[in-house]
>>> print(open('target09.cif').read())   # mmCIF, C-alpha atoms
data_target
#
loop_
_atom_site.group_PDB
_atom_site.id
_atom_site.type_symbol
_atom_site.label_atom_id
_atom_site.label_comp_id
_atom_site.auth_asym_id
_atom_site.auth_seq_id
_atom_site.Cartn_x
_atom_site.Cartn_y
_atom_site.Cartn_z
ATOM 1 C CA MET A 15 97.885 -54.834 272.468
ATOM 2 C CA LYS A 16 96.395 -53.689 269.206
ATOM 3 C CA GLN A 17 93.892 -51.474 270.996
ATOM 4 C CA ARG A 18 96.691 -49.884 273.060
ATOM 5 C CA THR A 19 98.716 -49.184 269.884
ATOM 6 C CA VAL A 20 95.697 -47.570 268.209
ATOM 7 C CA LYS A 21 95.145 -45.506 271.336
ATOM 8 C CA TYR A 22 98.756 -44.264 271.289
ATOM 9 C CA VAL A 23 98.506 -43.468 267.574
ATOM 10 C CA LYS A 24 95.336 -41.441 268.085
ATOM 11 C CA ARG A 25 96.945 -39.625 271.020
ATOM 12 C CA ASN A 26 100.018 -38.776 268.926
ATOM 13 C CA ILE A 27 97.855 -37.596 266.041
ATOM 14 C CA SER A 28 95.894 -35.353 268.406
ATOM 15 C CA PHE A 29 99.128 -33.953 269.797
ATOM 16 C CA LEU A 30 100.459 -33.240 266.305
ATOM 17 C CA VAL A 31 97.198 -31.540 265.318
ATOM 18 C CA MET A 32 97.330 -29.347 268.419
ATOM 19 C CA LEU A 33 100.995 -28.568 267.733
ATOM 20 C CA CYS A 34 100.205 -27.559 264.162
ATOM 21 C CA LEU A 35 97.363 -25.333 265.342
ATOM 22 C CA ALA A 36 99.679 -23.702 267.891
ATOM 23 C CA CYS A 37 102.302 -23.087 265.219
ATOM 24 C CA MET A 38 99.703 -21.565 262.917
ATOM 25 C CA ILE A 39 98.522 -19.239 265.686
ATOM 26 C CA ILE A 40 102.097 -18.174 266.511
ATOM 27 C CA LEU A 41 102.895 -17.653 262.818
ATOM 28 C CA SER A 42 99.756 -15.574 262.359
ATOM 29 C CA ALA A 43 100.670 -13.495 265.399
ATOM 30 C CA CYS A 44 104.172 -12.901 264.029
ATOM 31 C CA GLN A 45 102.808 -11.944 260.629
ATOM 32 C CA GLY A 46 100.368 -9.613 262.310
ATOM 33 C CA THR A 47 103.185 -8.008 264.276
ATOM 34 C CA GLN A 48 105.223 -7.486 261.106
ATOM 35 C CA THR A 49 102.249 -6.013 259.300
ATOM 36 C CA ASN A 50 101.595 -3.560 262.134
ATOM 37 C CA LYS A 51 105.133 -2.177 262.218
ATOM 38 C CA VAL A 52 105.415 1.592 261.852
ATOM 39 C CA ILE A 53 107.607 2.355 258.860
ATOM 40 C CA LEU A 54 109.394 5.699 259.152
ATOM 41 C CA GLN A 55 110.458 7.392 255.927
ATOM 42 C CA VAL A 56 113.761 9.202 256.453
ATOM 43 C CA TYR A 57 115.219 11.504 253.778
ATOM 44 C CA ALA A 58 118.873 12.521 254.109
ATOM 45 C CA ASP A 59 121.934 13.932 252.347
ATOM 46 C CA THR A 60 124.082 11.430 250.475
ATOM 47 C CA SER A 61 126.919 12.182 252.921
ATOM 48 C CA LEU A 62 125.001 10.171 255.531
ATOM 49 C CA ASP A 63 124.409 7.072 253.428
ATOM 50 C CA LYS A 64 126.940 4.889 255.266
ATOM 51 C CA LYS A 65 126.457 6.245 258.794
ATOM 52 C CA LEU A 66 122.788 6.899 259.378
ATOM 53 C CA PRO A 67 121.616 3.292 258.764
ATOM 54 C CA LEU A 68 124.033 2.093 261.467
ATOM 55 C CA VAL A 69 122.546 4.574 263.937
ATOM 56 C CA GLY A 70 119.073 3.572 262.756
ATOM 57 C CA ASP A 71 119.781 -0.095 263.451
ATOM 58 C CA LYS A 72 120.647 0.815 267.036
ATOM 59 C CA PHE A 73 117.360 2.719 267.321
ATOM 60 C CA LEU A 74 115.364 -0.297 266.093
ATOM 61 C CA VAL A 75 116.712 -2.532 268.864
ATOM 62 C CA THR A 76 116.340 0.061 271.634
ATOM 63 C CA ASP A 77 113.794 2.875 271.508
ATOM 64 C CA GLY A 78 112.346 1.853 268.151
ATOM 65 C CA LYS A 79 111.108 -1.682 268.730
ATOM 66 C CA GLY A 80 108.055 -2.196 266.546
ATOM 67 C CA TYR A 81 109.344 0.368 264.035
ATOM 68 C CA ASP A 82 111.136 0.041 260.736
ATOM 69 C CA ILE A 83 113.018 2.670 258.716
ATOM 70 C CA GLN A 84 113.208 3.266 254.983
ATOM 71 C CA TYR A 85 115.879 5.680 253.750
ATOM 72 C CA LEU A 86 116.220 7.960 250.744
ATOM 73 C CA PHE A 87 119.675 9.488 250.264
ATOM 74 C CA ASP A 88 119.924 12.146 247.564
ATOM 75 C CA THR A 89 120.983 15.696 246.724
ATOM 76 C CA PRO A 90 119.111 18.608 248.331
ATOM 77 C CA GLU A 91 117.578 19.467 244.961
ATOM 78 C CA ASN A 92 116.205 15.972 244.452
ATOM 79 C CA LEU A 93 115.006 15.718 248.051
ATOM 80 C CA LEU A 94 113.097 18.989 247.628
ATOM 81 C CA ASP A 95 111.503 17.758 244.412
ATOM 82 C CA LYS A 96 110.553 14.460 246.037
ATOM 83 C CA ILE A 97 108.877 16.193 248.998
ATOM 84 C CA ARG A 98 107.068 18.719 246.782
ATOM 85 C CA THR A 99 105.666 15.970 244.590
ATOM 86 C CA GLY A 100 104.134 14.136 247.532
ATOM 87 C CA GLY A 101 106.969 11.985 248.827
ATOM 88 C CA ASN A 102 106.061 10.504 252.197
ATOM 89 C CA CYS A 103 108.849 11.940 254.360
ATOM 90 C CA ASP A 104 108.673 11.763 258.153
ATOM 91 C CA LEU A 105 112.127 13.039 259.071
ATOM 92 C CA LEU A 106 114.725 15.013 257.095
ATOM 93 C CA LEU A 107 118.475 15.243 257.790
ATOM 94 C CA THR A 108 120.343 17.779 255.677
ATOM 95 C CA SER A 109 123.160 20.308 255.696
ATOM 96 C CA SER A 110 121.390 22.469 253.112
ATOM 97 C CA GLU A 111 120.048 25.634 254.699
ATOM 98 C CA THR A 112 118.578 26.557 251.308
ATOM 99 C CA LEU A 113 116.534 23.342 251.279
ATOM 100 C CA LEU A 114 115.153 24.082 254.734
ATOM 101 C CA GLN A 115 114.313 27.676 253.807
ATOM 102 C CA LEU A 116 112.392 26.530 250.725
ATOM 103 C CA LEU A 117 110.526 23.902 252.733
ATOM 104 C CA GLU A 118 109.615 26.544 255.331
ATOM 105 C CA LYS A 119 108.141 28.693 252.543
ATOM 106 C CA ASP A 120 106.134 25.657 251.447
ATOM 107 C CA ASP A 121 104.935 25.141 255.064
ATOM 108 C CA ALA A 122 106.439 21.660 254.880
ATOM 109 C CA VAL A 123 108.649 22.299 257.913
ATOM 110 C CA THR A 124 108.727 24.894 260.692
ATOM 111 C CA ALA A 125 111.711 26.394 262.465
ATOM 112 C CA GLY A 126 110.423 25.065 265.773
ATOM 113 C CA ASN A 127 110.661 21.488 264.502
ATOM 114 C CA THR A 128 114.194 21.852 263.118
ATOM 115 C CA ILE A 129 117.315 21.495 265.264
ATOM 116 C CA GLU A 130 121.056 21.646 264.691
ATOM 117 C CA LEU A 131 122.097 18.058 265.325
ATOM 118 C CA MET A 132 125.868 17.957 264.736
ATOM 119 C CA ASN A 133 128.825 19.431 262.880
ATOM 120 C CA SER A 134 131.470 17.959 260.619
ATOM 121 C CA PRO A 135 134.911 19.582 260.281
ATOM 122 C CA LEU A 136 136.611 19.626 256.903
ATOM 123 C CA ALA A 137 139.743 17.762 255.865
ATOM 124 C CA MET A 138 142.399 17.985 253.179
ATOM 125 C CA ILE A 139 142.816 14.612 251.475
ATOM 126 C CA THR A 140 144.899 13.030 248.736
ATOM 127 C CA SER A 141 145.346 9.673 247.048
ATOM 128 C CA SER A 142 147.244 7.031 248.999
ATOM 129 C CA SER A 143 148.698 5.724 245.727
ATOM 130 C CA HIS A 144 149.988 9.096 244.512
ATOM 131 C CA PRO A 145 150.025 11.367 247.575
ATOM 132 C CA ALA A 146 150.461 15.111 247.274
ATOM 133 C CA ILE A 147 152.029 17.354 249.894
ATOM 134 C CA PRO A 148 149.781 19.482 252.146
ATOM 135 C CA LEU A 149 148.577 22.628 250.436
ATOM 136 C CA THR A 150 149.738 25.958 251.892
ATOM 137 C CA SER A 151 149.906 29.503 250.625
ATOM 138 C CA GLU A 152 153.649 29.573 251.297
ATOM 139 C CA SER A 153 154.228 26.591 248.995
ATOM 140 C CA LEU A 154 152.225 28.115 246.138
ATOM 141 C CA PHE A 155 152.865 31.870 246.148
ATOM 142 C CA TYR A 156 155.668 34.345 246.626
ATOM 143 C CA GLN A 157 155.193 38.092 246.867
ATOM 144 C CA THR A 158 157.943 40.540 246.021
ATOM 145 C CA GLU A 159 158.038 44.292 245.572
ATOM 146 C CA ASP A 160 160.138 43.897 242.426
ATOM 147 C CA PRO A 161 157.927 42.563 239.609
ATOM 148 C CA ASP A 162 160.850 42.208 237.206
ATOM 149 C CA GLY A 163 163.375 39.441 236.941
ATOM 150 C CA GLU A 164 162.930 35.708 237.238
ATOM 151 C CA MET A 165 162.425 33.190 240.044
ATOM 152 C CA GLU A 166 163.397 29.575 239.629
ATOM 153 C CA GLY A 167 160.369 27.296 240.003
ATOM 154 C CA TYR A 168 157.912 30.226 239.872
ATOM 155 C CA SER A 169 156.066 32.193 237.201
ATOM 156 C CA ARG A 170 154.333 35.531 237.335
ATOM 157 C CA TYR A 171 150.730 35.095 238.402
ATOM 158 C CA THR A 172 149.618 37.439 235.636
ATOM 159 C CA ASP A 173 151.281 35.130 233.095
ATOM 160 C CA ALA A 174 149.279 32.179 234.437
ATOM 161 C CA LEU A 175 146.132 34.311 234.399
ATOM 162 C CA TRP A 176 146.787 35.461 230.850
ATOM 163 C CA GLU A 177 147.010 31.866 229.601
ATOM 164 C CA VAL A 178 143.364 31.167 230.520
ATOM 165 C CA THR A 179 141.850 34.616 229.939
ATOM 166 C CA ALA A 180 140.607 35.844 226.572
ATOM 167 C CA GLU A 181 142.082 39.180 225.500
ATOM 168 C CA GLU A 182 138.728 40.934 225.608
ATOM 169 C CA ASP A 183 138.154 39.712 229.176
ATOM 170 C CA TRP A 184 141.450 40.980 230.569
ATOM 171 C CA GLN A 185 141.054 43.528 233.334
ATOM 172 C CA GLU A 186 143.638 46.290 233.452
ATOM 173 C CA GLU A 187 143.629 46.454 237.263
ATOM 174 C CA TRP A 188 145.019 42.910 237.373
ATOM 175 C CA ASP A 189 148.430 44.196 236.225
ATOM 176 C CA GLU A 190 148.592 46.462 239.266
ATOM 177 C CA ARG A 191 146.756 44.185 241.685
ATOM 178 C CA PHE A 192 148.985 41.168 241.062
ATOM 179 C CA ALA A 193 152.256 42.968 240.420
ATOM 180 C CA GLY A 194 155.051 41.114 242.194
ATOM 181 C CA LEU A 195 152.966 37.986 242.817
ATOM 182 C CA TRP A 196 154.647 34.772 241.729
ATOM 183 C CA ILE A 197 153.067 31.339 241.610
ATOM 184 C CA SER A 198 154.704 27.914 241.750
ATOM 185 C CA ASP A 199 155.205 26.112 238.447
ATOM 186 C CA ILE A 200 153.889 22.955 240.136
ATOM 187 C CA ILE A 201 150.288 23.713 241.065
ATOM 188 C CA PRO A 202 148.085 20.847 242.284
ATOM 189 C CA SER A 203 144.510 20.674 241.095
ATOM 190 C CA ILE A 204 142.030 20.935 243.945
ATOM 191 C CA GLY A 205 138.616 19.296 244.085
ATOM 192 C CA ILE A 206 135.704 20.541 246.196
ATOM 193 C CA LEU A 207 131.948 20.109 246.103
ATOM 194 C CA SER A 208 129.883 22.567 244.070
ATOM 195 C CA PRO A 209 129.349 26.010 245.645
ATOM 196 C CA GLU A 210 125.601 25.328 245.810
ATOM 197 C CA GLN A 211 126.349 22.827 248.566
ATOM 198 C CA LYS A 212 127.247 23.885 252.101
ATOM 199 C CA GLU A 213 130.356 21.721 252.058
ATOM 200 C CA GLY A 214 131.586 23.446 248.903
ATOM 201 C CA GLN A 215 131.046 26.870 250.486
ATOM 202 C CA CYS A 216 132.985 25.814 253.596
ATOM 203 C CA ALA A 217 135.845 24.456 251.465
ATOM 204 C CA ARG A 218 136.082 27.761 249.602
ATOM 205 C CA ASP A 219 136.129 29.728 252.872
ATOM 206 C CA ILE A 220 138.805 27.484 254.384
ATOM 207 C CA LEU A 221 141.049 27.854 251.344
ATOM 208 C CA ASN A 222 140.659 31.611 251.501
ATOM 209 C CA GLN A 223 141.694 31.678 255.137
ATOM 210 C CA ASP A 224 145.226 30.832 254.017
ATOM 211 C CA GLY A 225 146.315 33.599 251.656
ATOM 212 C CA GLN A 226 143.196 33.622 249.458
ATOM 213 C CA ILE A 227 144.138 30.319 247.814
ATOM 214 C CA PHE A 228 140.673 29.782 246.314
ATOM 215 C CA ASP A 229 140.389 33.304 244.883
ATOM 216 C CA LEU A 230 143.799 32.981 243.227
ATOM 217 C CA LEU A 231 143.586 29.398 241.931
ATOM 218 C CA TYR A 232 139.991 29.462 240.681
ATOM 219 C CA PRO A 233 140.612 32.053 237.914
ATOM 220 C CA ILE A 234 143.477 29.975 236.479
ATOM 221 C CA GLY A 235 141.412 26.762 236.391
ATOM 222 C CA LYS A 236 142.995 24.900 239.294
ATOM 223 C CA ILE A 237 139.734 24.398 241.227
ATOM 224 C CA GLN A 238 137.380 21.652 240.077
ATOM 225 C CA PHE A 239 133.803 21.324 241.315
ATOM 226 C CA PHE A 240 131.973 18.043 241.880
ATOM 227 C CA ASP A 241 128.251 17.457 242.320
ATOM 228 C CA SER A 242 128.560 14.632 244.850
ATOM 229 C CA LYS A 243 130.930 13.373 247.515
ATOM 230 C CA ASP A 244 131.305 10.066 245.662
ATOM 231 C CA ALA A 245 132.463 11.838 242.493
ATOM 232 C CA LEU A 246 134.916 13.941 244.507
ATOM 233 C CA LEU A 247 136.360 10.974 246.412
ATOM 234 C CA ASP A 248 136.688 8.979 243.201
ATOM 235 C CA ALA A 249 138.603 11.855 241.570
ATOM 236 C CA VAL A 250 140.980 11.981 244.549
ATOM 237 C CA ARG A 251 141.472 8.214 244.605
ATOM 238 C CA ASN A 252 142.321 8.209 240.885
ATOM 239 C CA SER A 253 144.471 11.370 241.168
ATOM 240 C CA THR A 254 142.233 13.230 238.722
ATOM 241 C CA VAL A 255 142.712 15.958 241.315
ATOM 242 C CA GLN A 256 145.741 15.896 243.571
ATOM 243 C CA ILE A 257 144.032 17.490 246.577
ATOM 244 C CA GLY A 258 140.469 17.277 247.876
ATOM 245 C CA ILE A 259 138.735 19.398 250.504
ATOM 246 C CA CYS A 260 135.670 17.754 252.042
ATOM 247 C CA SER A 261 134.017 16.860 255.330
ATOM 248 C CA VAL A 262 136.200 14.518 257.333
ATOM 249 C CA THR A 263 133.086 12.382 257.839
ATOM 250 C CA ASN A 264 132.937 11.733 254.082
ATOM 251 C CA THR A 265 136.192 9.804 254.337
ATOM 252 C CA PHE A 266 134.671 7.267 256.740
ATOM 253 C CA ASP A 267 135.591 3.721 255.660
ATOM 254 C CA GLU A 268 137.071 4.994 252.370
ATOM 255 C CA LYS A 269 140.011 3.111 250.856
ATOM 256 C CA ASN A 270 142.991 4.625 249.029
ATOM 257 C CA ILE A 271 142.395 8.002 250.677
ATOM 258 C CA GLN A 272 145.120 9.669 252.742
ATOM 259 C CA MET A 273 144.345 12.411 255.253
ATOM 260 C CA LEU A 274 146.708 15.373 254.975
ATOM 261 C CA LYS A 275 145.070 17.712 257.453
ATOM 262 C CA VAL A 276 141.903 18.098 259.533
ATOM 263 C CA PHE A 277 140.912 21.739 259.835
ATOM 264 C CA ASP A 278 140.131 23.308 263.197
ATOM 265 C CA ALA A 279 136.522 22.727 264.248
ATOM 266 C CA SER A 280 136.287 26.394 265.225
ATOM 267 C CA GLY A 281 136.517 27.291 261.541
ATOM 268 C CA PRO A 282 133.888 26.698 258.843
ATOM 269 C CA THR A 283 132.130 23.394 259.501
ATOM 270 C CA VAL A 284 129.202 21.589 257.920
ATOM 271 C CA THR A 285 126.122 21.611 260.155
ATOM 272 C CA ILE A 286 123.650 18.729 259.877
ATOM 273 C CA TYR A 287 120.054 19.679 260.694
ATOM 274 C CA VAL A 288 117.231 17.282 261.535
ATOM 275 C CA SER A 289 113.689 18.388 260.821
ATOM 276 C CA LEU A 290 110.251 16.903 261.431
ATOM 277 C CA LEU A 291 107.921 17.226 258.435
ATOM 278 C CA ASN A 292 104.621 18.955 259.172
ATOM 279 C CA ASP A 293 102.567 16.491 257.113
ATOM 280 C CA SER A 294 104.281 13.396 258.487
ATOM 281 C CA GLU A 295 101.962 10.392 258.609
ATOM 282 C CA ASN A 296 103.902 9.090 261.608
ATOM 283 C CA ARG A 297 104.558 12.326 263.454
ATOM 284 C CA LYS A 298 104.528 10.848 266.951
ATOM 285 C CA GLU A 299 106.874 8.015 266.033
ATOM 286 C CA ALA A 300 109.157 10.341 264.043
ATOM 287 C CA LYS A 301 109.573 12.474 267.177
ATOM 288 C CA VAL A 302 110.812 9.373 269.018
ATOM 289 C CA LEU A 303 113.510 8.864 266.367
ATOM 290 C CA MET A 304 114.350 12.573 266.409
ATOM 291 C CA GLN A 305 114.887 12.425 270.173
ATOM 292 C CA PHE A 306 116.983 9.275 269.832
ATOM 293 C CA LEU A 307 119.299 11.030 267.356
ATOM 294 C CA GLN A 308 120.065 13.588 270.071
ATOM 295 C CA GLY A 309 120.722 10.980 272.765
ATOM 296 C CA ASN A 310 123.828 9.212 274.042
ATOM 297 C CA HIS A 311 123.449 6.068 271.910
ATOM 298 C CA ALA A 312 123.443 8.068 268.678
ATOM 299 C CA LYS A 313 126.110 10.445 269.995
ATOM 300 C CA ARG A 314 128.610 7.617 270.445
ATOM 301 C CA PHE A 315 128.040 6.437 266.867
ATOM 302 C CA PHE A 316 128.223 9.883 265.280
ATOM 303 C CA GLU A 317 131.342 10.877 267.207
ATOM 304 C CA ASP A 318 133.053 7.680 266.030
ATOM 305 C CA PHE A 319 132.306 8.833 262.470
ATOM 306 C CA GLY A 320 134.029 12.189 263.144
ATOM 307 C CA TYR A 321 131.043 14.439 263.892
ATOM 308 C CA TYR A 322 130.883 16.945 266.721
ATOM 309 C CA MET A 323 127.551 16.609 268.479
ATOM 310 C CA ARG A 324 125.621 19.627 269.678
#
>>> encode(input="target09.cif", output="structure tokens")
Amino acid sequence: MKQRTVKYVKRNISFLVMLCLACMIILSACQGTQTNKVILQVYADTSLDKKLPLVGDKFLVTDGKGYDIQYLFDTPENLLDKIRTGGNCDLLLTSSETLLQLLEKDDAVTAGNTIELMNSPLAMITSSSHPAIPLTSESLFYQTEDPDGEMEGYSRYTDALWEVTAEEDWQEEWDERFAGLWISDIIPSIGILSPEQKEGQCARDILNQDGQIFDLLYPIGKIQFFDSKDALLDAVRNSTVQIGICSVTNTFDEKNIQMLKVFDASGPTVTIYVSLLNDSENRKEAKVLMQFLQGNHAKRFFEDFGYYMR
């Protein structure tokens, strides 16, 4: 009986040793697999910080098994500096045509490896806590052939212009140019991104499509510029500005933001480009991700976020 017990104990010990060895082999294999993963470095505009990782996660469980993705979201200026100083970028997503032009001059990207991926229409937004009414030229301005007299609720535009213009900067043609133009006494402040950014340029163009709103409100200090979408959205949420004009996709999953109007997609829109870097260390794998971003899986995600796919 004792010999049989010893025999069973030895057999169990041998089994446990073999099991431990098997576990060690499996663990080593898993560690080896993790070590051998291809890590793609993706640089992108800050406007994509909440959307692109969700699309990337879908890529990693479909076409991108064995890959991993590291993201850098920043302004075009900072992305350019990072690439020029040796940042390891495999794929770039940006709306900045200036950034792409500068990178082409640096031979960092080529036109043949850059595509227009999708477009984002612009929206007029306000705070949900203190909502403003939709902005229109008719609600702000009134033109009459008689420059004299008074209008209840309106002031002469030249009076508003005079308040913010130094005497030595006054232009005589303004008296003739704006004669008979009246402006509402209640003028909302409008926030847009800086004109150096494509989204800021589109916002300016959209405002000017309706009675030159930008050109008339900017000289009297009613347009405020912001360097980032987060700063703009925060100003709208807190009613620092009553109206914001930005890409509708920037409002994705934002709280305390009310949509007043989505502008027609046939008008000025923000185009997102995707570009393969010439010196990419993972060029072949980056092409796989680039192709995935143009496919149906990515399309469904991006369209849910409000983009129009190419």
>>> closest_residue(input="target09.cif", among="A:Glu152, A:Asp293, A:Glu91, A:Glu268", to="Asp244 of chain A", atoms="all atoms listed in the file")
A:Glu268
>>> resolve_selection(input="target09.cif", expression="the PyMOL selection byres ((chain A and resi 104-118) around 6)", output="list of chain:residue names")
A:Gln55, A:Val56, A:Tyr57, A:Ala58, A:Asp59, A:Cys103, A:Lys119, A:Asp120, A:Asp121, A:Ala122, A:Val123, A:Thr124, A:Thr285, A:Ile286, A:Tyr287, A:Val288, A:Ser289, A:Leu290, A:Leu291, A:Ser294
>>> closest_residue(input="target09.cif", among="A:Thr89, A:Asn133, A:Gln157, A:Asn127", to="Met323 of chain A", atoms="only C-alpha atoms")
A:Asn133
>>> residues_around(input="target09.cif", residues="Ser134 of chain A", least_positions_apart="5", cutoff="8 Å", atoms="only C-alpha atoms", output="ChimeraX atom specification")
/A:261-263,279,283-286,320-322
>>> atom_distance(input="target09.cif", atom1="atom CA of Ser253 of chain A", atom2="atom CA of Ala146 of chain A")
9.3 Å
>>> atom_distance(input="target09.cif", atom1="atom CA of Asn270 of chain A", atom2="atom CA of Asp71 of chain A")
27.7 Å
>>> atom_distance(input="target09.cif", atom1="atom CA of Phe277 of chain A", atom2="atom CA of Leu136 of chain A")
5.6 Å
